[in-house]
Protein chains: 2
Amino acid sequence: MERTLRDLGEAGAIALMADILGTVGLPPGWLGPGDDTAITSLPSGDNVLTTCDVLVEGVHFRRETTSAEDLGWKALAVNVSDVYGMDGKPAWAVIGLALPGTVPEDWLAGLYRGLAAASSAYATPIVGGDTVGSHAGITISVTVIGQAATPRRRSDARVGDRLIATGPHGLSAAGLWALQHPEAAIPGPLRAQAERAHRRPDLPGAPHLPAGALMDDSDGLGTSCRLIAEASGVAIHLDRIPDDPAVKAIAGVAGADPRAWALWGGEDYGLVATLPPGAAVPPNFALLGTVAQGSGVWWRGRPLEGEAFRHFNG
Amino acid sequence: MERTLRDLGEAGAIALMADILGTVGLPPGWLGPGDDTAITSLPSGDNVLTTCDVLVEGVHFRRETTSAEDLGWKALAVNVSDVYGMDGKPAWAVIGLALPGTVPEDWLAGLYRGLAAASSAYATPIVGGDTVGSHAGITISVTVIGQAATPRRRSDARVGDRLIATGPHGLSAAGLWALQHPEAAIPGPLRAQAERAHRRPDLPGAPHLPAGALMDDSDGLGTSCRLIAEASGVAIHLDRIPDDPAVKAIAGVAGADPRAWALWGGEDYGLVATLPPGAAVPPNFALLGTVAQGSGVWWRGRPLEGEAFRHFNG
């Protein structure tokens with residue numbers, strides 16, 4: 001039997017691609033795959049950030065459950081979030097679209113209204129792209145280019161730093177549950193807040209940190225901590241996850257663990273960072289833990305475990 | 001009946017998207033959709049070019065007839081060609097990939113070997129991207145970022161300019177015919193040359209023109225002339241298409257019109273430009289015609305007609 005990508009898994013596929021591309025070197029100071037964005041530079045000295053996200057119908061969204069407007073917003077916002085995750089400023093975007101001829105005109109108009117709304121909200125003009133036909137479902141590929149005076153990497157955490165984050169934690173997972181359970185008795189304002197966090201996440205902006213590691217919290221706080229720990233060769237001790245009233249209330253109705261939503265729910269699009277000793281905690285960030293010698297992520301002294309979304313399961 | 005993209009057509013879909021995005025303005029000096037690449041700038045003064053191409057299995061390629069290596073080469077090269085079409089230098093690329101779990105590991109390795117070969121040939125490091133699962137076919141989205149001291153636009157042709165082009169003209173169409181007819185009696189070296197032009201197009205590089213319009217010839221010489229004429233508000237008088245021995249020989253065997261292949265075959269990836277009076281014709285370019293008052297494209301005094309590839313026909 002020929003080995004397929006399903007046999008290989010996501011990590012195996014990424015390793016294979018990195019191995020082949022490794023034969024073509026990068027200029028000094030550039031950063032390839034593995035962080036929120038790539039880091040490159042231009043002759044005049046600009047540090048440029050590039051990030052790309054692909055959304056596939058039936059894998060990442062369904063037209064029955066996600067409006068075209070929300071999808072457009074989210075498709076751009078998740079890439080802007082990656083630029084913020086390097087402490088950068090988004091600059092422009094291009095959109096690659098593969099669309100079956102059967103897609104309604106109104107759906108395309110909705111997608112572009114959502115893209116235009118996020119483009120305006122995050123000052124990221126859409127300057128071009130490619131729109132082509134497709135025999136199967138819709139695929140949306142968004143590339144955002146940004147810049148940063150000093151890009152902050154996942155690998156910049158140091159022993160003695162403090163772990164800080166903006167939140168929300170678990171609010172997108174709570175919003176998804178609420179959307180799937182319209183009959184559930186959730187107080188109106190909390191339902192609205194959580195559903196909006198899932199459908200149209202608001203982004204915190206670039207924090208302009210003095211030093212330390214930084215990344216966006218798109219895969220859940222537990223995964224963010226693991227990635228910073230691995231990239232920096234340190235242990236992350238998580239001591240506290242701020243309570244969110246909407247997450248707590250909806251988890252209560254759902255019979256779910258609000259901490260699991262915060263740690264592994266994902267799609268929260270806040271920022272997770274580490275801060276050197278003595279530096280003031282920036283506005284909108286809360287203190288959640290510490291960076292220590294060792295490896296892995298620890299919750300109040302015990303190893304934290306979880307599992308990530310698996311690709312290639314289609 | 002709800003209107004679909006098939007009803008709307010490619011031009012209608014692009015107009016709809018442009019209309020919605022038009023509500024979000026571009027900074028002065030930037031150029032949005034409609035040329036080979038977008039033009040943007042960064043604070044330090046770098047002019048940045050961004051271009052994106054999406055390739056869909058079953059629409060733009062078939063795994064039965066295109067090797068993974070050739071596809072990888074072409075996916076990157078066509079975007080580099082767009083950067084050369086602005087008189088720019090490619091700088092880096094990101095790759096968005098949607099892949100079914102059933103794709104063989106060897107196919108992905110082949111795709112990346114082709115990407116790496118083009119990346120190396122055109123000094124365009126691949127610095128990142130996104131690889132996700134798909135329930136349907138393969139979609140490849142490549143974004144290339146480049147730079148140009150003075151980007152050359154399609155709209156820069158002026159009355160009195162001369163029309164120049166690098167060629168090849170029709171060689172990719174001849175190569176496709178040859179690949180589809182392995183039994184046809186075509187002299188070996190001419191077959192090899194044409195097949196290679198179709199499978200792994202070589203690019204001419206940035207010509208560094210003093211002024212005038214420029215674009216890559218990806219849709220055939222007739223289409224290139226039409227686009228320059230429309231964007232610049234001029235007439236293009238085409239008087240000559242250089243003979244290519246391989247195109248002539250293969251068209252002879254095929255019973256095809258070599259001029260039709262040159263004008264409408266497409267995928268040749270040379271450059272078409274206009275040159276102000278007095279400027280020397282750069283190396284590798286040939287003189288094909290003139291730019292005059294009026295509109296449209298003219299072949300030795302008569303209107304030139306043809307048709308383009310239609311999208312959304314899936």
# chains A, B, ... in the order shown; residues from 1 in each chain; ligands from 1
>>> select_by_dssp(residues="region 9-210 of chain B", states="alpha helix (DSSP H)", output="PyMOL selection string")
chain B and resi 9-21+68-84+105-121+171-180+188-199
>>> interface_residues(of="chain A", to="chain B", cutoff="7 Å", atoms="only C-alpha atoms", output="JSON, numbers by chain")
{"A": [2, 3, 4, 5, 6, 16, 17, 20, 21, 24, 26, 32, 33, 38, 44, 45, 46, 51, 52, 53, 54, 56, 58, 59, 96, 100, 101, 102, 103, 104, 105, 109, 112, 113, 116, 120, 125, 127, 128, 129, 130, 132, 133, 134, 135, 136, 141, 311, 312, 313, 314]}
>>> write_last_selection(atoms="C-alpha atoms", output="short mmCIF file (atom, residue, chain, number, x, y, z; two decimals), in the first residue's frame")
data_model
loop_
_atom_site.label_atom_id
_atom_site.label_comp_id
_atom_site.auth_asym_id
_atom_site.auth_seq_id
_atom_site.Cartn_x
_atom_site.Cartn_y
_atom_site.Cartn_z
CA GLU A 2 1.16 3.47 -0.89
CA ARG A 3 1.47 5.77 2.13
CA THR A 4 -1.04 8.64 2.09
CA LEU A 5 -1.23 11.93 3.95
CA ARG A 6 -3.73 10.33 6.35
CA LEU A 16 8.29 16.38 4.83
CA MET A 17 7.65 19.82 3.33
CA ILE A 20 12.45 19.52 1.03
CA LEU A 21 12.30 23.32 1.37
CA VAL A 24 16.68 26.33 -0.30
CA LEU A 26 16.70 31.71 3.91
CA GLY A 32 10.36 30.44 7.95
CA PRO A 33 7.39 28.31 8.97
CA ALA A 38 7.06 34.38 8.58
CA SER A 44 15.11 49.59 2.93
CA GLY A 45 15.07 47.75 6.25
CA ASP A 46 11.37 47.03 6.69
CA THR A 51 0.78 34.79 7.07
CA CYS A 52 -1.68 32.64 5.15
CA ASP A 53 -4.79 30.70 6.20
CA VAL A 54 -6.81 28.32 4.05
CA VAL A 56 -12.19 24.67 3.14
CA GLY A 58 -16.99 21.04 4.85
CA VAL A 59 -13.77 21.09 6.90
CA GLY A 96 -7.56 33.48 -3.27
CA PRO A 100 -18.26 26.38 -7.83
CA GLY A 101 -20.49 28.01 -10.47
CA THR A 102 -23.52 27.02 -8.37
CA VAL A 103 -22.65 29.45 -5.53
CA PRO A 104 -25.36 32.14 -5.27
CA GLU A 105 -24.35 35.68 -6.18
CA ALA A 109 -21.61 39.48 -1.99
CA TYR A 112 -17.06 40.29 0.45
CA ARG A 113 -19.16 42.46 2.79
CA ALA A 116 -14.63 44.54 3.66
CA SER A 120 -11.93 48.44 7.44
CA PRO A 125 -6.86 46.93 2.53
CA VAL A 127 -5.42 44.78 -2.79
CA GLY A 128 -5.93 41.75 -5.00
CA GLY A 129 -6.09 38.00 -5.31
CA ASP A 130 -7.38 35.34 -7.65
CA VAL A 132 -11.27 30.76 -10.03
CA GLY A 133 -13.86 28.08 -10.69
CA SER A 134 -14.06 24.85 -8.71
CA HIS A 135 -15.77 21.51 -9.38
CA ALA A 136 -16.10 20.77 -5.67
CA SER A 141 -7.10 31.39 1.01
CA HIS A 311 -5.94 17.62 9.96
CA PHE A 312 -6.12 15.19 7.02
CA ASN A 313 -9.04 13.35 8.58
CA GLY A 314 -11.25 13.98 5.54
#
>>> residues_around(residues="region 171-174 of chain B", least_positions_apart="5", cutoff="8 Å", atoms="only C-alpha atoms", output="ChimeraX atom specification")
/B:194-195,197-198,244,246-247,250-251,261-262,265-268
>>> residues_around(residues="Asp156 (chain A)", least_positions_apart="3", cutoff="7 Å", atoms="only C-alpha atoms", output="ChimeraX atom specification")
/A:153,212-213,232
>>> write_last_selection(atoms="C-alpha atoms", output="PDB file, in the first residue's frame")
ATOM      1  CA  ARG A 153       8.563  35.160  18.485  1.00  0.00           C
ATOM      2  CA  GLY A 212       9.423  38.192  25.735  1.00  0.00           C
ATOM      3  CA  ALA A 213       7.482  35.639  23.702  1.00  0.00           C
ATOM      4  CA  SER A 232      11.623  28.482  23.942  1.00  0.00           C
TER       5      SER A 232
END
>>> select_by_dssp(residues="region 83-308 of chain A", states="strand (DSSP E)", output="PyMOL selection string")
chain A and resi 89-99+126-133+139-147+162-165+214-216+235-238+271-275+286-292+296-299+302-303
>>> residues_around(residues="Thr65 (chain B)", least_positions_apart="4", cutoff="10 Å", atoms="only C-alpha atoms", output="list in words")
Phe61, Leu179 and Gln180 of chain B
